[in-house]
file input.txt (compact mmCIF, C-alpha atoms and all ligand atoms)
# COMPACT_ATOMS: atom_id res chain seq x y z
CA MET A 525 -74.76 -1.72 -54.49
CA GLY A 526 -76.27 -0.26 -51.36
CA MET A 527 -74.17 2.88 -51.57
CA ARG A 528 -75.93 5.04 -54.17
CA VAL A 529 -79.23 6.68 -53.21
CA PRO A 530 -81.60 6.65 -56.23
CA PHE A 531 -82.05 10.10 -57.74
CA ILE A 532 -85.14 11.18 -59.68
CA ALA A 533 -84.83 14.59 -61.33
CA GLY A 534 -87.36 16.45 -63.43
CA ASN A 535 -86.22 18.91 -66.08
CA TRP A 536 -89.05 21.29 -66.85
CA LYS A 537 -87.08 23.00 -69.64
CA MET A 538 -88.87 26.24 -70.67
CA HIS A 539 -92.22 25.35 -69.15
CA LYS A 540 -94.36 26.82 -66.35
CA THR A 541 -94.69 30.40 -65.20
CA ALA A 542 -94.18 31.11 -61.49
CA SER A 543 -97.90 30.73 -60.71
CA GLU A 544 -98.04 27.45 -62.68
CA ALA A 545 -94.95 26.26 -60.83
CA GLU A 546 -96.54 27.03 -57.48
CA ALA A 547 -99.71 25.14 -58.36
CA HIS A 548 -97.63 22.18 -59.55
CA ILE A 549 -95.49 21.86 -56.43
CA GLU A 550 -98.57 22.12 -54.22
CA SER A 551 -100.05 19.12 -55.97
CA LEU A 552 -96.75 17.19 -56.14
CA LEU A 553 -95.55 17.53 -52.52
CA PRO A 554 -98.31 15.45 -50.86
CA GLN A 555 -97.71 12.71 -53.43
CA VAL A 556 -94.00 12.33 -52.70
CA SER A 557 -93.86 13.27 -49.01
CA ASP A 558 -93.93 9.64 -47.85
CA VAL A 559 -91.10 8.57 -50.10
CA HIS A 560 -87.89 7.71 -48.28
CA GLY A 561 -84.53 6.63 -49.58
CA VAL A 562 -84.91 8.47 -52.90
CA ASP A 563 -83.52 11.92 -53.75
CA VAL A 564 -85.99 14.02 -55.74
CA ALA A 565 -85.13 17.24 -57.59
CA LEU A 566 -86.87 19.60 -59.99
CA CYS A 567 -84.76 21.64 -62.44
CA VAL A 568 -86.88 24.70 -63.18
CA PRO A 569 -86.64 28.02 -65.08
CA PHE A 570 -84.86 30.87 -63.30
CA THR A 571 -88.10 32.80 -62.78
CA ASP A 572 -89.61 29.83 -60.89
CA LEU A 573 -86.68 29.29 -58.53
CA HIS A 574 -87.72 31.69 -55.82
CA VAL A 575 -91.30 30.50 -55.47
CA MET A 576 -90.20 26.85 -55.73
CA VAL A 577 -87.59 27.19 -52.97
CA GLY A 578 -90.24 28.74 -50.74
CA SER A 579 -92.87 26.11 -51.51
CA ALA A 580 -90.46 23.17 -51.23
CA ALA A 581 -88.86 24.33 -47.96
CA GLY A 582 -88.80 21.51 -45.42
CA SER A 583 -89.93 18.96 -48.03
CA ASN A 584 -88.00 16.13 -49.68
CA VAL A 585 -87.92 17.90 -53.07
CA ALA A 586 -84.72 19.76 -53.97
CA ILE A 587 -84.81 22.70 -56.36
CA TYR A 588 -82.22 22.98 -59.14
CA ALA A 589 -81.51 25.55 -61.85
CA GLN A 590 -81.10 24.50 -65.50
CA ASN A 591 -77.96 26.49 -66.32
CA MET A 592 -75.46 28.86 -64.72
CA HIS A 593 -72.52 31.06 -65.71
CA GLU A 594 -69.14 30.03 -64.33
CA GLU A 595 -68.00 33.48 -63.14
CA GLN A 596 -68.96 34.97 -59.79
CA ALA A 597 -70.07 38.28 -61.33
CA GLY A 598 -69.22 40.45 -64.30
CA ALA A 599 -70.24 41.89 -67.64
CA PHE A 600 -72.26 38.89 -68.84
CA THR A 601 -75.67 40.30 -69.76
CA GLY A 602 -78.48 37.84 -69.29
CA GLU A 603 -76.48 35.34 -67.24
CA ILE A 604 -76.89 34.06 -63.66
CA SER A 605 -73.91 33.36 -61.35
CA PRO A 606 -73.27 30.60 -58.80
CA PRO A 607 -73.62 32.91 -55.74
CA MET A 608 -76.95 34.23 -57.09
CA LEU A 609 -78.31 30.68 -57.05
CA ALA A 610 -76.68 29.66 -53.78
CA GLU A 611 -77.97 32.71 -51.88
CA ILE A 612 -81.63 31.96 -52.64
CA GLY A 613 -81.26 28.38 -51.43
CA ILE A 614 -80.88 26.44 -54.68
CA ASP A 615 -79.56 22.91 -54.18
CA GLY A 616 -77.94 22.25 -57.53
CA VAL A 617 -77.77 22.94 -61.24
CA LEU A 618 -78.19 21.02 -64.47
CA LEU A 619 -75.17 21.62 -66.70
CA GLY A 620 -74.49 20.83 -70.35
CA HIS A 621 -77.94 19.67 -71.34
CA SER A 622 -77.83 18.76 -75.03
CA GLU A 623 -80.28 21.57 -75.82
CA ARG A 624 -77.84 24.05 -74.33
CA ARG A 625 -74.92 22.49 -76.18
CA ARG A 626 -76.76 22.36 -79.50
CA LEU A 627 -78.90 25.51 -79.45
CA PHE A 628 -76.80 27.84 -77.28
CA GLY A 629 -73.24 26.84 -78.12
CA GLU A 630 -72.31 25.45 -74.70
CA THR A 631 -68.79 24.02 -74.93
CA ASP A 632 -67.03 21.28 -72.97
CA ARG A 633 -64.50 23.87 -71.92
CA ALA A 634 -67.11 26.19 -70.41
CA LEU A 635 -68.76 23.19 -68.79
CA ALA A 636 -65.55 22.16 -67.05
CA ALA A 637 -65.47 25.63 -65.45
CA LYS A 638 -69.19 25.50 -64.63
CA VAL A 639 -68.99 22.09 -62.92
CA SER A 640 -66.15 23.24 -60.71
CA ALA A 641 -67.79 26.63 -59.99
CA ALA A 642 -71.00 24.87 -58.96
CA LEU A 643 -69.13 22.65 -56.48
CA ASP A 644 -67.28 25.67 -55.08
CA ALA A 645 -70.62 27.43 -54.50
CA GLY A 646 -72.11 24.42 -52.71
CA LEU A 647 -74.39 23.52 -55.64
CA ARG A 648 -74.65 19.91 -56.82
CA PRO A 649 -73.96 19.74 -60.55
CA ILE A 650 -75.77 17.29 -62.85
CA LEU A 651 -73.51 17.04 -65.90
CA CYS A 652 -75.38 15.86 -69.01
CA VAL A 653 -73.65 13.84 -71.72
CA GLY A 654 -74.89 11.84 -74.69
CA GLU A 655 -74.39 10.98 -78.33
CA THR A 656 -76.39 11.89 -81.44
CA GLU A 657 -78.11 9.27 -83.56
CA ALA A 658 -75.44 9.68 -86.26
CA GLU A 659 -72.68 9.11 -83.71
CA ARG A 660 -74.37 5.94 -82.45
CA GLU A 661 -74.78 4.64 -85.99
CA ALA A 662 -71.12 5.37 -86.71
CA GLN A 663 -70.09 3.42 -83.56
CA GLU A 664 -68.81 6.64 -82.03
CA THR A 665 -70.88 6.60 -78.85
CA GLU A 666 -67.99 5.64 -76.56
CA ARG A 667 -65.64 8.17 -78.11
CA ARG A 668 -68.20 10.94 -77.65
CA LEU A 669 -68.97 9.96 -74.05
CA ARG A 670 -65.28 9.64 -73.17
CA HIS A 671 -64.62 13.12 -74.50
CA GLN A 672 -67.60 14.74 -72.76
CA VAL A 673 -66.98 13.06 -69.40
CA ARG A 674 -63.23 13.74 -69.36
CA GLU A 675 -63.60 17.37 -70.41
CA GLY A 676 -66.59 18.11 -68.20
CA LEU A 677 -64.88 16.67 -65.11
CA SER A 678 -61.39 17.94 -65.91
CA ARG A 679 -61.46 20.58 -63.17
CA VAL A 680 -63.08 18.46 -60.47
CA PRO A 681 -60.66 17.38 -57.74
CA SER A 682 -61.02 13.64 -57.19
CA HIS A 683 -62.24 14.10 -53.62
CA ARG A 684 -65.26 16.03 -55.01
CA LEU A 685 -66.13 13.58 -57.80
CA ALA A 686 -68.74 11.80 -55.69
CA ASP A 687 -70.65 15.10 -55.38
CA VAL A 688 -71.20 15.26 -59.14
CA VAL A 689 -74.17 13.52 -60.75
CA ILE A 690 -73.86 12.49 -64.39
CA ALA A 691 -76.89 12.17 -66.68
CA TYR A 692 -76.57 10.03 -69.77
CA GLU A 693 -79.07 11.41 -72.26
CA PRO A 694 -78.76 10.02 -75.78
CA ILE A 695 -79.91 12.88 -78.00
CA TRP A 696 -81.98 10.57 -80.21
CA ALA A 697 -84.05 9.60 -77.16
CA ILE A 698 -84.86 13.14 -75.96
CA GLY A 699 -88.42 14.19 -76.62
CA THR A 700 -88.88 11.49 -79.25
CA GLY A 701 -90.72 8.76 -77.33
CA ASN A 702 -87.84 6.57 -78.47
CA VAL A 703 -86.46 5.46 -75.08
CA ALA A 704 -83.12 3.64 -75.02
CA SER A 705 -83.42 -0.10 -74.52
CA ALA A 706 -82.37 -1.49 -71.17
CA GLN A 707 -79.26 -2.89 -72.80
CA GLN A 708 -78.33 0.40 -74.46
CA ALA A 709 -78.80 2.34 -71.21
CA GLN A 710 -76.87 -0.16 -69.10
CA GLU A 711 -74.02 -0.42 -71.62
CA ALA A 712 -73.51 3.32 -71.93
CA ILE A 713 -73.81 3.98 -68.21
CA SER A 714 -71.45 1.18 -67.20
CA PHE A 715 -69.01 2.57 -69.77
CA ILE A 716 -69.27 6.01 -68.12
CA ARG A 717 -68.74 4.43 -64.69
CA ALA A 718 -65.62 2.70 -65.94
CA LEU A 719 -64.36 6.05 -67.23
CA LEU A 720 -64.64 7.45 -63.72
CA SER A 721 -62.10 4.91 -62.49
CA ASP A 722 -59.74 6.04 -65.21
CA LYS A 723 -56.70 7.93 -63.99
CA ALA A 724 -57.32 10.58 -66.65
CA VAL A 725 -60.54 11.52 -64.82
CA ALA A 726 -59.55 10.89 -61.20
CA PRO A 727 -55.76 11.26 -61.09
CA SER A 728 -55.17 11.42 -57.34
CA GLY A 729 -54.24 7.80 -56.80
CA GLY A 730 -56.72 7.81 -53.91
CA PRO A 731 -59.57 5.36 -53.50
CA ASP A 732 -61.71 4.61 -56.57
CA VAL A 733 -64.84 6.76 -56.20
CA ALA A 734 -66.52 5.49 -59.38
CA PRO A 735 -68.82 3.12 -57.47
CA THR A 736 -70.19 6.06 -55.46
CA VAL A 737 -70.97 8.46 -58.35
CA ARG A 738 -74.62 8.52 -59.36
CA ILE A 739 -75.33 8.20 -63.06
CA LEU A 740 -78.84 8.83 -64.38
CA TYR A 741 -80.53 7.88 -67.63
CA GLY A 742 -82.58 10.51 -69.49
CA GLY A 743 -84.60 10.49 -72.71
CA SER A 744 -88.33 9.67 -73.08
CA VAL A 745 -88.65 8.35 -69.53
CA THR A 746 -92.29 7.80 -68.50
CA ALA A 747 -94.12 6.21 -65.60
CA GLY A 748 -94.48 3.19 -67.90
CA ASN A 749 -90.79 2.55 -68.58
CA ALA A 750 -89.10 3.95 -65.45
CA SER A 751 -89.15 0.73 -63.41
CA GLU A 752 -87.25 -1.28 -65.98
CA LEU A 753 -84.59 1.42 -66.31
CA LEU A 754 -84.28 1.89 -62.55
CA ARG A 755 -83.65 -1.82 -62.03
CA LEU A 756 -80.51 -1.76 -64.19
CA GLU A 757 -77.31 -2.31 -62.26
CA ASP A 758 -75.55 0.93 -63.13
CA VAL A 759 -78.59 3.20 -63.54
CA ASP A 760 -78.99 5.20 -60.33
CA GLY A 761 -81.96 7.30 -61.37
CA VAL A 762 -83.62 9.12 -64.22
CA LEU A 763 -83.71 12.65 -65.62
CA VAL A 764 -87.25 13.23 -66.81
CA GLY A 765 -88.33 15.90 -69.29
CA GLY A 766 -91.90 15.91 -70.59
CA ALA A 767 -93.23 13.44 -68.03
CA SER A 768 -92.03 15.66 -65.17
CA LEU A 769 -94.52 18.38 -66.13
CA ASP A 770 -97.40 16.30 -64.80
CA ALA A 771 -97.38 15.89 -61.00
CA ASP A 772 -99.17 12.51 -61.07
CA GLU A 773 -96.84 11.00 -63.64
CA PHE A 774 -93.71 12.39 -62.02
CA SER A 775 -94.72 11.08 -58.60
CA ALA A 776 -95.34 7.65 -60.16
CA ILE A 777 -91.76 7.72 -61.46
CA VAL A 778 -90.51 8.68 -57.99
CA ALA A 779 -92.50 5.78 -56.54
CA ALA A 780 -90.88 3.42 -59.05
CA ALA A 781 -87.47 4.23 -57.55
CA VAL A 782 -88.47 3.02 -54.09
CA GLY A 783 -87.02 -0.39 -53.45
CA THR A 784 -84.73 -0.45 -56.50
CA PRO A 785 -81.48 -2.33 -55.89
CA GLU A 786 -79.56 0.76 -54.82
CA ALA A 787 -82.22 1.96 -52.38
P1 LIG B 1 -87.85 13.89 -72.37
O1 LIG B 1 -88.05 13.09 -71.10
O2 LIG B 1 -88.99 14.83 -72.66
O3 LIG B 1 -87.47 12.99 -73.52
O4 LIG B 1 -86.60 14.85 -72.11
C1 LIG B 1 -85.44 14.30 -71.58
C2 LIG B 1 -84.55 15.40 -71.16
O5 LIG B 1 -84.00 16.12 -71.97
C3 LIG B 1 -84.38 15.63 -69.72
O6 LIG B 1 -83.32 16.49 -69.47
call {"tool": "encode", "arguments": {"input": "input.txt", "output": "structure tokens"}}
result
Amino acid sequence: MGMRVPFIAGNWKMHKTASEAEAHIESLLPQVSDVHGVDVALCVPFTDLHVMVGSAAGSNVAIYAQNMHEEQAGAFTGEISPPMLAEIGIDGVLLGHSERRRLFGETDRALAAKVSAALDAGLRPILCVGETEAEREAQETERRLRHQVREGLSRVPSHRLADVVIAYEPIWAIGTGNVASAQQAQEAISFIRALLSDKAVAPSGGPDVAPTVRILYGGSVTAGNASELLRLEDVDGVLVGGASLDADEFSAIVAAAVGTPEA
């Protein structure tokens, strides 16, 4: 392809206090500092953001939040707004992770507002989509992905579509050790890419931006299976949960992205 820079993102979920985060980034940075042609990001808890932005300043590791409210400010106890993240130097935000959809009632409608609010604030959104095991068994994977992608991107103007990253995370593969096969990952991600060419997603009639949008695979990615996934034609990177908590393993995954077809 030559046009999509590989993207390796870690999602720490609810792990690491601020002091643990600081120790982690100090050990990670020297291991990834020589890596060129790969975008690296860590999606960390809110309480780690400040220390991580400070420690990662001037490095090739971007710092992302894991969630965000769509409004600028207001009576939303316990929430964090786009300008709060932008002002402390956050680069982007993970949106619609399946844990947030399933455990915290995140809806496609709220996500559409969040994706567009993130772009407006200068934050790069990573929109997560993916089917359950029951949906896959019932041959409903494509229907589910079509719905999530269309709804999630419904408020993104087509000229901003290339600034959105999509993460395909089949729910049955998250935290299970049951990684999608190369064929399953490629099929689902090429389906998502085809959706991006669809006029229902990008209605402007302008140039087709689908080939420039980065789409990641997530779900039980390890240093052992990352290379095979990263070689797939439509897979532009990986979103790594458990394996991102270990600096050595995460840096091995970053190294696996160097020299992949898109790099
Ligand atoms: P695991 O890599 O631990 O399966 O988690 C995947 C994930 O949810 C990343 O967002």
call {"tool": "atom_distance", "arguments": {"input": "input.txt", "atom1": "CA of Val617 in chain A", "atom2": "CA of Glu752 in chain A"}}
result
26.4 Å
call {"tool": "residues_near_point", "arguments": {"input": "input.txt", "point": "(-82.8, 4.8, -62.9)", "cutoff": "8 Å", "atoms": "only C-alpha atoms", "output": "list in words"}}
result
Pro530, Phe531, Ile532, Leu740, Tyr741, Ala750, Ser751, Leu753, Leu754, Arg755, Leu756, Val759, Asp760, Gly761, Val762 and Ala781 of chain A
call {"tool": "residues_near_ligand", "arguments": {"input": "input.txt", "ligand": "ligand LIG 1 (chain B)", "cutoff": "8 Å", "atoms": "all atoms listed in the file", "output": "MDAnalysis selection string"}}
result
chainID A and resid 534:537 621:623 652 693 695 697:701 703 742:746 763:768
call {"tool": "atom_distance", "arguments": {"input": "input.txt", "atom1": "CA of Glu594 in chain A", "atom2": "CA of Lys638 in chain A"}}
result
4.5 Å
call {"tool": "residues_around", "arguments": {"input": "input.txt", "residues": "Glu757 in chain A", "least_positions_apart": "3", "cutoff": "12 Å", "atoms": "only C-alpha atoms", "output": "PyMOL selection string"}}
result
chain A and resi 525-526+528+530+706-707+709-714+717+735+738-741+752-754+760-761+784-787
call {"tool": "atom_distance", "arguments": {"input": "input.txt", "atom1": "CA of Ile604 in chain A", "atom2": "CA of Arg648 in chain A"}}
result
15.9 Å
